[in-house]
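Content type PDB, C-alpha atoms and all ligand atoms, from the file input_9.pdb:
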MODEL        1
ATOM      1  CA  MET A 941    -121.829-111.477 -98.689  1.00  0.00           C
ATOM      2  CA  VAL A 942    -124.670-111.198 -96.289  1.00  0.00           C
ATOM      3  CA  LEU A 943    -128.093-112.691 -96.888  1.00  0.00           C
ATOM      4  CA  ALA A 944    -131.182-112.043 -94.793  1.00  0.00           C
ATOM      5  CA  VAL A 945    -133.314-115.162 -94.563  1.00  0.00           C
ATOM      6  CA  GLY A 946    -136.795-115.099 -93.059  1.00  0.00           C
ATOM      7  CA  PRO A 947    -138.355-118.156 -91.398  1.00  0.00           C
ATOM      8  CA  LEU A 948    -141.124-118.236 -94.026  1.00  0.00           C
ATOM      9  CA  SER A 949    -138.821-117.873 -97.025  1.00  0.00           C
ATOM     10  CA  GLY A 950    -138.834-121.598 -97.704  1.00  0.00           C
ATOM     11  CA  VAL A 951    -135.040-121.567 -97.517  1.00  0.00           C
ATOM     12  CA  GLU A 952    -133.193-123.938 -95.212  1.00  0.00           C
ATOM     13  CA  PRO A 953    -130.070-121.991 -94.124  1.00  0.00           C
ATOM     14  CA  SER A 954    -127.857-125.059 -93.622  1.00  0.00           C
ATOM     15  CA  LEU A 955    -128.655-126.327 -97.126  1.00  0.00           C
ATOM     16  CA  LEU A 956    -128.087-122.859 -98.553  1.00  0.00           C
ATOM     17  CA  SER A 957    -124.648-122.701 -96.884  1.00  0.00           C
ATOM     18  CA  ARG A 958    -123.717-126.104 -98.287  1.00  0.00           C
ATOM     19  CA  ALA A 959    -124.883-125.155-101.775  1.00  0.00           C
ATOM     20  CA  PHE A 960    -122.889-121.918-101.548  1.00  0.00           C
ATOM     21  CA  ARG A 961    -119.688-123.809-100.673  1.00  0.00           C
ATOM     22  CA  LEU A 962    -120.213-126.139-103.622  1.00  0.00           C
ATOM     23  CA  ALA A 963    -121.007-123.302-106.018  1.00  0.00           C
ATOM     24  CA  ARG A 964    -117.916-121.262-105.125  1.00  0.00           C
ATOM     25  CA  ALA A 965    -115.429-124.152-105.429  1.00  0.00           C
ATOM     26  CA  SER A 966    -112.871-123.730-108.228  1.00  0.00           C
ATOM     27  CA  THR A 967    -114.216-120.323-109.175  1.00  0.00           C
ATOM     28  CA  ILE A 968    -112.766-116.824-108.830  1.00  0.00           C
ATOM     29  CA  ALA A 969    -114.970-116.558-105.716  1.00  0.00           C
ATOM     30  CA  GLU A 970    -113.674-119.723-104.032  1.00  0.00           C
ATOM     31  CA  ASN A 971    -112.764-117.781-100.875  1.00  0.00           C
ATOM     32  CA  ALA A 972    -116.090-115.975-100.730  1.00  0.00           C
ATOM     33  CA  GLU A 973    -117.824-116.123 -97.394  1.00  0.00           C
ATOM     34  CA  LEU A 974    -121.535-116.305 -96.830  1.00  0.00           C
ATOM     35  CA  GLU A 975    -123.129-114.870 -93.735  1.00  0.00           C
ATOM     36  CA  ILE A 976    -126.777-115.598 -93.069  1.00  0.00           C
ATOM     37  CA  GLU A 977    -128.828-113.258 -90.925  1.00  0.00           C
ATOM     38  CA  HIS A 978    -131.986-114.778 -89.529  1.00  0.00           C
ATOM     39  CA  THR A 979    -134.781-112.249 -89.622  1.00  0.00           C
ATOM     40  CA  PRO A 980    -137.965-112.689 -87.561  1.00  0.00           C
ATOM     41  CA  ALA A 981    -141.497-113.015 -88.831  1.00  0.00           C
ATOM     42  CA  VAL A 982    -143.286-109.708 -88.270  1.00  0.00           C
ATOM     43  CA  VAL A 983    -147.049-109.251 -88.456  1.00  0.00           C
ATOM     44  CA  TRP A 984    -149.375-106.272 -88.497  1.00  0.00           C
ATOM     45  CA  CYS A 985    -152.481-106.747 -86.358  1.00  0.00           C
ATOM     46  CA  ASP A 986    -155.777-105.646 -87.914  1.00  0.00           C
ATOM     47  CA  THR A 987    -157.376-105.507 -84.445  1.00  0.00           C
ATOM     48  CA  CYS A 988    -154.982-103.410 -82.364  1.00  0.00           C
ATOM     49  CA  GLY A 989    -152.960-101.887 -85.169  1.00  0.00           C
ATOM     50  CA  VAL A 990    -149.471-102.725 -83.979  1.00  0.00           C
ATOM     51  CA  GLU A 991    -146.564-104.584 -85.543  1.00  0.00           C
ATOM     52  CA  THR A 992    -145.139-107.450 -83.516  1.00  0.00           C
ATOM     53  CA  GLU A 993    -142.822-110.388 -84.033  1.00  0.00           C
ATOM     54  CA  ALA A 994    -144.536-113.742 -84.385  1.00  0.00           C
ATOM     55  CA  ALA A 995    -143.557-117.378 -84.397  1.00  0.00           C
ATOM     56  CA  ALA A 996    -143.262-118.701 -87.937  1.00  0.00           C
ATOM     57  CA  ASN A 997    -145.673-121.532 -87.142  1.00  0.00           C
ATOM     58  CA  ALA A 998    -148.209-119.360 -85.299  1.00  0.00           C
ATOM     59  CA  LEU A 999    -148.774-116.044 -87.044  1.00  0.00           C
ATOM     60  CA  SER A1000    -150.793-114.128 -84.483  1.00  0.00           C
ATOM     61  CA  CYS A1001    -150.543-110.719 -82.850  1.00  0.00           C
ATOM     62  CA  GLY A1002    -147.926-110.618 -80.094  1.00  0.00           C
ATOM     63  CA  ARG A1003    -150.032-108.096 -78.172  1.00  0.00           C
ATOM     64  CA  CYS A1004    -153.653-109.283 -78.302  1.00  0.00           C
ATOM     65  CA  GLY A1005    -153.269-112.750 -79.807  1.00  0.00           C
ATOM     66  CA  ALA A1006    -155.583-112.089 -82.762  1.00  0.00           C
ATOM     67  CA  TRP A1007    -155.075-114.273 -85.827  1.00  0.00           C
ATOM     68  CA  LYS A1008    -156.274-111.621 -88.280  1.00  0.00           C
ATOM     69  CA  VAL A1009    -152.841-110.283 -89.132  1.00  0.00           C
ATOM     70  CA  THR A1010    -150.918-109.260 -92.222  1.00  0.00           C
ATOM     71  CA  LEU A1011    -147.426-110.603 -92.752  1.00  0.00           C
ATOM     72  CA  LYS A1012    -144.981-107.677 -92.939  1.00  0.00           C
ATOM     73  CA  ALA A1013    -141.662-109.545 -92.898  1.00  0.00           C
ATOM     74  CA  GLY A1014    -140.350-113.065 -92.617  1.00  0.00           C
ATOM     75  CA  ASN A1015    -140.748-114.438 -96.134  1.00  0.00           C
ATOM     76  CA  GLU A1016    -137.713-112.670 -97.539  1.00  0.00           C
ATOM     77  CA  LEU A1017    -134.498-113.955 -99.036  1.00  0.00           C
ATOM     78  CA  MET A1018    -132.587-110.741 -99.464  1.00  0.00           C
ATOM     79  CA  LEU A1019    -129.049-109.883-100.480  1.00  0.00           C
ATOM     80  CA  LYS A1020    -128.093-107.321 -97.843  1.00  0.00           C
ATOM     81  CA  ARG A1021    -124.426-106.694 -98.499  1.00  0.00           C
ATOM     82  CA  VAL A1022    -121.523-107.716-100.708  1.00  0.00           C
ATOM     83  CA  ASP A1023    -117.999-106.770 -99.655  1.00  0.00           C
ATOM     84  CA  LEU A1024    -115.449-106.938-102.437  1.00  0.00           C
ATOM     85  CA  VAL A1025    -111.823-107.528-101.451  1.00  0.00           C
ATOM     86  CA  PRO A1026    -109.049-106.998-104.011  1.00  0.00           C
ATOM     87  CA  ALA A1027    -107.119-110.121-104.986  1.00  0.00           C
ATOM     88  CA  GLU A1028    -103.796-110.479-103.121  1.00  0.00           C
ATOM     89  CA  GLU A1029    -101.924-110.791-106.373  1.00  0.00           C
ATOM     90  CA  PRO A1030    -103.148-108.348-108.967  1.00  0.00           C
ATOM     91  CA  ILE A1031    -104.014-109.766-112.325  1.00  0.00           C
ATOM     92  CA  VAL A1032    -101.424-108.394-114.741  1.00  0.00           C
ATOM     93  CA  ALA A1033    -101.892-108.502-118.457  1.00  0.00           C
ATOM     94  CA  THR A1034     -98.717-109.443-120.276  1.00  0.00           C
ATOM     95  CA  ALA A1035     -98.003-107.688-123.529  1.00  0.00           C
ATOM     96  CA  GLY A1036     -95.677-108.737-126.289  1.00  0.00           C
TER
HETATM   97 ZN    ZN B   1    -153.393-107.293 -81.843  1.00  0.00          ZN
ENDMDL
END
Have the structure of the file written as structure tokens, please.
Ligand SMILES: [Zn+2]
Amino acid sequence: MVLAVGPLSGVEPSLLSRAFRLARASTIAENAELEIEHTPAVVWCDTCGVETEAAANALSCGRCGAWKVTLKAGNELMLKRVDLVPAEEPIVATAG
């Protein structure tokens, strides 16, 4: 599965990965893999009206440097994709 994690999401990717490995252990999903995509912080500038990427600790316009910006992306924790792979040995119900 693929998660998109923004720098302002409050999620620490390394801790999330560790928690995922613990959560999957001894479950039907014990071979599940987690991929984390790091998405940038994106701001909309009220002054020049453009969208630019910004540093998570300095949310200002990448074009004119203005601080009056609106956060457009960067605070997300989003499930982007889940790939399901059939089990190698099919689960067979036994009757009688
Ligand atoms: Zn600007």
Chain and number of each residue from the PyMOL selection byres (((chain A and resi 1002) around 12) and not hetatm), as JSON, numbers by chain: {"A": [981, 982, 983, 984, 985, 987, 988, 989, 990, 991, 992, 993, 994, 995, 998, 999, 1000, 1001, 1003, 1004, 1005, 1006, 1007, 1008, 1009]}
Option closest in space to Val951 (chain A), from A:Ala1033, A:Ala1013, A:Val1022, A:Ile976 [counting only C-alpha atoms]: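 Selected residue with least distance to Val951 (chain A): A:Ile976.
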Atom pair CA of Ala965 (chain A) / CA of Thr1034 (chain A): separation (Å): 26.8 Å
Interatomic distance (Å, one decimal) between CA of Arg961 (chain A) and CA of Asn997 (chain A):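 Computed distance, CA of Arg961 (chain A) to CA of Asn997 (chain A), equals 29.4 Å.
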Hits of the PyMOL selection byres (((chain A and resi 979) around 10) and not hetatm) in this structure, as a PyMOL selection string: chain A and resi 943-948+976-978+980-982+993+1013-1017
Atomic separation - CA of Met941 (chain A) relative to CA of Glu975 (chain A), Å: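 Pair CA of Glu975 (chain A) / CA of Met941 (chain A) returns 6.1 Å.
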Expansion of the PyMOL selection byres (((chain A and resi 1024) around 12) and not hetatm) into residues, as a VMD selection string: chain A and resid 941 to 942 969 971 to 973 1021 to 1023 1025 to 1027
